[in-house]
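**Student:** Below you'll find protein.txt; it's compact mmCIF, C-alpha atoms.
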# COMPACT_ATOMS: atom_id res chain seq x y z
CA MET A 1054 148.53 98.62 96.65
CA THR A 1055 148.68 98.51 100.45
CA ASP A 1056 149.48 102.24 100.78
CA PHE A 1057 146.06 103.33 99.48
CA PRO A 1058 144.78 105.83 102.08
CA PHE A 1059 141.23 104.45 102.46
CA ASP A 1060 139.86 101.01 103.24
CA ALA A 1061 136.29 102.00 102.29
CA VAL A 1062 134.53 104.60 100.17
CA GLY A 1063 130.89 105.70 100.27
CA PHE A 1064 129.04 107.14 97.29
CA ASP A 1065 125.98 109.24 96.75
CA LEU A 1066 123.79 107.81 93.97
CA ASP A 1067 122.01 110.49 91.90
CA GLY A 1068 124.53 112.74 90.19
CA THR A 1069 127.50 110.81 91.55
CA LEU A 1070 127.37 107.14 90.53
CA LEU A 1071 124.37 107.36 88.23
CA ASP A 1072 122.95 109.89 85.80
CA THR A 1073 119.30 109.61 86.86
CA PHE A 1074 117.72 112.96 86.05
CA ARG A 1075 115.67 111.75 83.07
CA ASP A 1076 113.80 109.14 85.11
CA LEU A 1077 113.37 111.54 88.02
CA GLY A 1078 112.19 114.35 85.77
CA THR A 1079 109.67 112.08 84.04
CA ALA A 1080 108.25 111.05 87.43
CA VAL A 1081 107.99 114.68 88.54
CA ASN A 1082 106.17 115.58 85.34
CA HIS A 1083 103.76 112.68 85.83
CA ALA A 1084 102.79 114.13 89.21
CA LEU A 1085 102.66 117.72 87.92
CA GLU A 1086 100.32 116.77 85.12
CA LEU A 1087 98.04 114.90 87.53
CA GLY A 1088 97.88 118.06 89.65
CA GLY A 1089 97.10 120.32 86.72
CA PHE A 1090 100.53 121.94 86.68
CA ASP A 1091 102.69 122.52 83.63
CA PRO A 1092 105.42 119.94 83.10
CA VAL A 1093 109.01 121.08 83.50
CA PRO A 1094 111.68 120.51 80.86
CA VAL A 1095 113.25 117.18 81.80
CA ASP A 1096 116.75 118.68 81.59
CA SER A 1097 115.78 121.26 84.22
CA SER A 1098 115.10 118.47 86.72
CA LYS A 1099 118.84 118.45 87.39
CA ASP A 1100 118.33 121.72 89.25
CA LEU A 1101 115.61 120.18 91.45
CA ILE A 1102 117.55 117.15 92.69
CA GLY A 1103 119.16 117.25 96.10
CA GLY A 1104 117.19 116.46 99.21
CA GLY A 1105 115.09 113.59 97.95
CA ALA A 1106 111.93 113.11 95.91
CA LYS A 1107 109.61 115.11 98.19
CA ILE A 1108 111.81 118.20 98.08
CA MET A 1109 112.27 117.76 94.35
CA LEU A 1110 108.52 117.71 93.69
CA GLY A 1111 107.97 120.54 96.15
CA ARG A 1112 110.43 122.77 94.33
CA ALA A 1113 108.74 122.07 91.01
CA ILE A 1114 105.30 122.92 92.42
CA ASP A 1115 106.48 125.99 94.34
CA ALA A 1116 107.80 127.43 91.09
CA GLN A 1117 104.21 127.47 89.78
CA GLY A 1118 102.25 128.16 92.94
CA ARG A 1119 101.60 126.46 96.25
CA LEU A 1120 99.39 123.46 96.96
CA PRO A 1121 97.46 122.42 100.10
CA LYS A 1122 99.31 119.82 102.16
CA GLU A 1123 96.83 117.00 101.53
CA GLU A 1124 96.82 117.57 97.78
CA PHE A 1125 100.61 117.66 97.72
CA ARG A 1126 100.75 114.39 99.64
CA GLY A 1127 98.53 112.75 97.01
CA LEU A 1128 100.73 113.94 94.15
CA TYR A 1129 103.85 112.87 96.01
CA LYS A 1130 102.46 109.35 96.44
CA ALA A 1131 101.52 109.26 92.77
CA MET A 1132 105.05 110.30 91.87
CA LEU A 1133 106.53 107.53 94.01
CA ARG A 1134 104.21 104.94 92.49
CA TYR A 1135 105.20 105.98 88.99
CA TYR A 1136 108.90 106.12 89.85
CA SER A 1137 108.81 102.69 91.49
CA GLU A 1138 107.80 101.24 88.12
CA ASN A 1139 109.97 103.46 85.91
CA ASN A 1140 113.15 104.21 87.84
CA ALA A 1141 115.75 102.60 85.59
CA VAL A 1142 114.49 103.40 82.11
CA TYR A 1143 117.15 105.98 81.28
CA SER A 1144 119.41 105.92 84.36
CA ARG A 1145 122.97 104.79 83.70
CA PRO A 1146 126.38 104.88 85.42
CA TYR A 1147 128.51 107.89 84.53
CA PRO A 1148 131.53 107.31 82.30
CA GLY A 1149 134.40 105.85 84.31
CA VAL A 1150 132.25 104.50 87.15
CA ILE A 1151 132.62 100.80 86.36
CA GLU A 1152 136.37 101.09 85.80
CA ALA A 1153 136.90 102.98 89.06
CA LEU A 1154 134.77 100.56 91.07
CA ASP A 1155 136.76 97.69 89.56
CA GLU A 1156 140.03 99.32 90.56
CA LEU A 1157 138.86 100.04 94.10
CA ALA A 1158 137.71 96.44 94.46
CA ALA A 1159 141.08 95.22 93.17
CA ARG A 1160 142.74 97.29 95.89
CA GLY A 1161 140.55 95.64 98.52
CA VAL A 1162 138.53 98.78 99.16
CA LYS A 1163 134.98 98.19 100.40
CA MET A 1164 132.21 100.34 98.96
CA ALA A 1165 128.82 101.62 100.09
CA VAL A 1166 125.98 103.73 98.71
CA VAL A 1167 124.42 106.47 100.83
CA THR A 1168 121.55 108.23 99.08
CA ASN A 1169 118.49 110.26 100.03
CA LYS A 1170 116.51 108.15 97.58
CA PHE A 1171 114.36 105.54 99.35
CA GLU A 1172 116.35 102.36 99.94
CA GLU A 1173 113.92 100.24 97.91
CA PHE A 1174 114.30 102.46 94.85
CA ALA A 1175 118.08 102.66 95.16
CA THR A 1176 118.40 98.90 95.50
CA ASN A 1177 116.05 98.30 92.58
CA ILE A 1178 117.95 100.63 90.25
CA LEU A 1179 121.35 99.22 91.19
CA SER A 1180 120.02 95.69 90.79
CA THR A 1181 118.57 96.47 87.35
CA LEU A 1182 121.95 97.87 86.32
CA GLY A 1183 123.81 94.87 87.76
CA LEU A 1184 125.68 96.89 90.38
CA THR A 1185 124.18 95.77 93.69
CA ASP A 1186 126.83 93.18 94.54
CA ARG A 1187 129.59 95.77 94.40
CA PHE A 1188 128.43 97.41 97.62
CA VAL A 1189 128.62 96.22 101.20
CA THR A 1190 125.50 98.22 102.03
CA ILE A 1191 122.95 100.45 100.31
CA ILE A 1192 121.59 103.06 102.71
CA GLY A 1193 118.59 105.09 101.55
CA GLY A 1194 116.90 108.18 102.85
CA ASP A 1195 114.50 106.05 104.89
CA SER A 1196 116.99 103.41 106.08
CA MET A 1197 117.88 105.05 109.39
CA GLY A 1198 114.30 105.70 110.43
CA LYS A 1199 112.98 109.01 111.72
CA GLY A 1200 114.31 111.37 114.35
CA ALA A 1201 112.47 113.00 117.22
CA ASP A 1202 111.07 115.64 114.86
CA GLY A 1203 109.43 112.99 112.69
CA THR A 1204 111.69 113.49 109.67
CA TYR A 1205 113.97 110.84 108.21
CA LEU A 1206 117.58 110.76 109.38
CA SER A 1207 118.93 111.32 105.90
CA LYS A 1208 121.71 113.53 104.56
CA PRO A 1209 122.75 116.17 105.65
CA HIS A 1210 122.43 114.22 108.92
CA PRO A 1211 125.68 112.29 109.54
CA GLU A 1212 123.97 109.08 110.67
CA PRO A 1213 123.71 107.44 107.21
CA VAL A 1214 127.40 108.07 106.50
CA LEU A 1215 128.40 106.76 109.91
CA ALA A 1216 126.25 103.67 109.34
CA ALA A 1217 127.97 103.03 106.00
CA LYS A 1218 131.37 103.37 107.62
CA LYS A 1219 130.36 100.91 110.33
CA ALA A 1220 128.93 98.42 107.81
CA CYS A 1221 132.25 98.48 105.96
CA ASN A 1222 134.14 98.01 109.26
CA SER A 1223 136.22 100.94 108.13
CA SER A 1224 138.93 102.83 109.96
CA ALA A 1225 139.68 105.09 106.97
CA PHE A 1226 136.50 106.11 105.14
CA ALA A 1227 135.95 108.69 102.42
CA PHE A 1228 132.74 109.91 100.81
CA VAL A 1229 131.92 111.07 97.29
CA GLY A 1230 128.90 113.23 96.46
CA ASP A 1231 127.66 116.12 94.38
CA SER A 1232 125.64 118.33 96.72
CA SER A 1233 125.71 120.40 99.89
CA TYR A 1234 123.78 117.55 101.56
CA ASP A 1235 126.67 115.18 100.86
CA VAL A 1236 129.37 117.56 102.03
CA ALA A 1237 127.50 118.47 105.21
CA ALA A 1238 126.81 114.81 106.07
CA ALA A 1239 130.42 113.77 105.48
CA LYS A 1240 131.83 116.68 107.48
CA ALA A 1241 129.45 116.02 110.36
CA ALA A 1242 130.54 112.36 110.27
CA GLY A 1243 134.18 113.41 110.36
CA VAL A 1244 135.18 111.90 107.01
CA PRO A 1245 136.78 113.56 103.97
CA VAL A 1246 134.54 114.23 101.01
CA ILE A 1247 135.18 114.51 97.27
CA VAL A 1248 132.77 116.64 95.24
CA ALA A 1249 131.59 115.33 91.86
CA ALA A 1250 131.55 118.49 89.76
CA TYR A 1251 129.90 116.65 86.84
CA GLY A 1252 126.81 115.90 88.95
CA TYR A 1253 123.75 117.88 90.01
CA CYS A 1254 125.60 120.33 92.27
CA ASP A 1255 123.31 122.78 94.08
CA LYS A 1256 126.21 125.26 94.28
CA PRO A 1257 129.36 125.65 92.19
CA ALA A 1258 131.40 122.54 92.97
CA HIS A 1259 134.40 124.44 94.33
CA GLU A 1260 132.13 126.34 96.73
CA LEU A 1261 130.65 123.24 98.37
CA GLY A 1262 133.58 122.89 100.75
CA GLY A 1263 134.80 119.42 99.82
CA ASN A 1264 138.36 118.20 100.36
CA ALA A 1265 138.77 117.67 96.61
CA VAL A 1266 136.79 118.13 93.40
CA ILE A 1267 136.67 115.79 90.40
CA ASP A 1268 135.40 116.73 86.95
CA SER A 1269 134.73 113.12 85.97
CA PHE A 1270 134.78 109.72 87.65
CA HIS A 1271 138.05 109.00 85.87
CA GLY A 1272 139.73 111.30 88.39
CA LEU A 1273 138.44 109.53 91.50
CA ILE A 1274 141.36 107.23 92.29
CA SER A 1275 143.99 109.95 92.04
CA ALA A 1276 141.81 112.31 94.08
CA LEU A 1277 141.51 109.71 96.84
CA GLU A 1278 145.25 109.12 96.76
CA SER A 1279 145.87 112.86 97.15
CA LEU A 1280 143.85 113.18 100.37
Please lay out the structure from this file as structure tokens.

**Tutor:**
Amino acid sequence: MTDFPFDAVGFDLDGTLLDTFRDLGTAVNHALELGGFDPVPVDSSKDLIGGGAKIMLGRAIDAQGRLPKEEFRGLYKAMLRYYSENNAVYSRPYPGVIEALDELAARGVKMAVVTNKFEEFATNILSTLGLTDRFVTIIGGDSMGKGADGTYLSKPHPEPVLAAKKACNSSAFAFVGDSSYDVAAAKAAGVPVIVAAYGYCDKPAHELGGNAVIDSFHGLISALESL
């Protein structure tokens, strides 16, 4: 057990630990309908996930026509309000997640969540699903504050990944995610990254540039051991 190559592992949330697209898609459609736009098929919301809720809603609206900034802000706030009350209706861990987290814990590996979802939402969902206590820290898209340009220091910025590594007091940290945001953040933080091909990848998984690719969470432990 002591020869495991990592003492801590960080995870993206949406499309990596949890299958969340149904709740996210329902929230997007709530906002679209308020704005007079056509709802999108909930399954298609997988293609909108990536950079956080604002980008997700923006992509859905841009596909139907643009919206003045103030009106978009109102719909975005309405989406967040709805999602805050309905963010764990359908969301569930992917197959193999609980078993892999159990095995990592048994090996003494510390774990963290680094997501572009707001910290409050991420914590609420993980708490509802009984997973919060498994993680040393839960870092959301708003956890690191804003940079000089006024935008949140979220992935693909390396700061959230570096903060997770520090919180775990890690000298050998790996990251697991499903998007170009995850890979870019991990690489900028100087840590290896495993791509979750089963998630909401914004490019073909093998083109994201990760150090390894897994087709299900059942392959995580062996992938980590191979790095």

**Student:** Nearest residue to Gly1183 in chain A out of A:Ala1159, A:Ala1238, A:Ile1151, A:Ala1131, using only C-alpha atoms?

**Tutor:** A:Ile1151

**Student:** Find the nearest atom pair between each residue of range 1058-1085 of chain A and range 1262-1272 of chain A for residues within 12 Å, count all atoms listed in the file, give distances in Å to one decimal, sort rows by chain and ascending number, and present the table as a tab-separated table.

**Tutor:**
residue	atom	partner	partner_atom	distance
A:Phe1064	CA	A:Phe1270	CA	11.5
A:Gly1068	CA	A:Phe1270	CA	11.0
A:Thr1069	CA	A:Phe1270	CA	8.3
A:Leu1070	CA	A:Phe1270	CA	8.4
A:Leu1071	CA	A:Phe1270	CA	10.7
A:Asp1072	CA	A:Phe1270	CA	12.0

**Student:** Neighbouring residues of Val1244 in chain A were defined as those with any atom within 6 Å, considering only C-alpha atoms; residues of the same chain fewer than 4 positions away were excluded. Please report them as a PDB file with C-alpha atoms, keeping the file's coordinate frame.

**Tutor:**
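Result file follows (around_26.pdb):
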ATOM      1  CA  ALA A1227     135.950 108.690 102.420  1.00  0.00           C
ATOM      2  CA  ALA A1239     130.420 113.770 105.480  1.00  0.00           C
ATOM      3  CA  LYS A1240     131.830 116.680 107.480  1.00  0.00           C
TER       4      LYS A1240
END

**Student:** Could you state the separation of CA of Ala1216 in chain A and CA of Gly1193 in chain A in Å, given to one decimal place?

**Tutor:**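 Here the two named atoms are 11.0 Å from each other.
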
**Student:** Enter the distance from CA of Gly1118 in chain A to CA of Phe1090 in chain A, in Å, rounded to one decimal.

**Tutor:** 9.0 Å

**Student:** Go through A:Gly1194, A:Pro1257, A:Gly1063, A:Gly1252 one by one, measure the shortest atom-to-atom distance of each to Val1166 in chain A using only C-alpha atoms, and give the residue with the smallest value.

**Tutor:**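 Closest residue, counting only C-alpha atoms: A:Gly1063.
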
**Student:** For the atom pair CA of Asp1065 in chain A and CA of Pro1092 in chain A, what is the interatomic distance in Å to one decimal place?

**Tutor:**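 According to the coordinates, CA of Asp1065 in chain A and CA of Pro1092 in chain A are separated by 26.9 Å.
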
**Student:** Enumerate, as a PDB file with C-alpha atoms, keeping the file's coordinate frame, the protein, DNA and RNA residues whose atoms approach (119.5, 110.1, 84.6) to within 10 Å, taking into account all atoms listed in the file and the coordinate frame of the file.

**Tutor:**
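Output below, filename selection-v1.pdb:
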ATOM      1  CA  ASP A1067     122.010 110.490  91.900  1.00  0.00           C
ATOM      2  CA  GLY A1068     124.530 112.740  90.190  1.00  0.00           C
ATOM      3  CA  LEU A1071     124.370 107.360  88.230  1.00  0.00           C
ATOM      4  CA  ASP A1072     122.950 109.890  85.800  1.00  0.00           C
ATOM      5  CA  THR A1073     119.300 109.610  86.860  1.00  0.00           C
ATOM      6  CA  PHE A1074     117.720 112.960  86.050  1.00  0.00           C
ATOM      7  CA  ARG A1075     115.670 111.750  83.070  1.00  0.00           C
ATOM      8  CA  ASP A1076     113.800 109.140  85.110  1.00  0.00           C
ATOM      9  CA  LEU A1077     113.370 111.540  88.020  1.00  0.00           C
ATOM     10  CA  GLY A1078     112.190 114.350  85.770  1.00  0.00           C
ATOM     11  CA  VAL A1095     113.250 117.180  81.800  1.00  0.00           C
ATOM     12  CA  ASP A1096     116.750 118.680  81.590  1.00  0.00           C
ATOM     13  CA  SER A1098     115.100 118.470  86.720  1.00  0.00           C
ATOM     14  CA  LYS A1099     118.840 118.450  87.390  1.00  0.00           C
ATOM     15  CA  ASN A1140     113.150 104.210  87.840  1.00  0.00           C
ATOM     16  CA  ALA A1141     115.750 102.600  85.590  1.00  0.00           C
ATOM     17  CA  VAL A1142     114.490 103.400  82.110  1.00  0.00           C
ATOM     18  CA  TYR A1143     117.150 105.980  81.280  1.00  0.00           C
ATOM     19  CA  SER A1144     119.410 105.920  84.360  1.00  0.00           C
ATOM     20  CA  ARG A1145     122.970 104.790  83.700  1.00  0.00           C
ATOM     21  CA  PRO A1146     126.380 104.880  85.420  1.00  0.00           C
ATOM     22  CA  TYR A1147     128.510 107.890  84.530  1.00  0.00           C
TER      23      TYR A1147
END

**Student:** Have a look at A:Val1214, A:Ala1106, A:Ile1192, A:Leu1154 and name the one nearest to Glu1172 in chain A; count only C-alpha atoms.

**Tutor:** A:Ile1192

**Student:** Find, counting only C-alpha atoms, the residue in A:Lys1107, A:Lys1163, A:His1259, A:Lys1199 that gets nearest to Met1132 in chain A.

**Tutor:**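 The shortest atom-to-atom distance to Met1132 in chain A comes from A:Lys1107.
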
**Student:** Can you work out which one of A:Arg1187, A:Glu1260, A:Gly1105, A:Ser1232 has the shortest atom-to-atom distance to Val1150 in chain A, counting only C-alpha atoms?

**Tutor:**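 Of the candidates, the smallest distance to Val1150 in chain A is held by A:Arg1187.
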
**Student:** Would you please work out which residue, of A:Ala1250, A:Leu1085, A:Ala1237, A:Leu1133, is nearest to Ala1116 in chain A when using only C-alpha atoms?

**Tutor:** A:Leu1085

**Student:** Excluding Phe1125 in chain A and any residue of its chain fewer than 2 positions from it, enumerate the residues within 12 Å of it, using all atoms listed in the file, and give them as a PyMOL selection string.

**Tutor:** chain A and resi 1084-1085+1087-1090+1107-1108+1110-1115+1118-1123+1127-1132

**Student:** How big is the axis-aligned box around the listed atoms of range 1190-1207 of chain A once 3 Å is added on each side, and where is its centre? Give both in Å to one decimal, as lines of an AutoDock Vina configuration file.

**Tutor:**
center_x = 117.5
center_y = 106.9
center_z = 108.8
size_x = 22.1
size_y = 23.4
size_z = 22.9
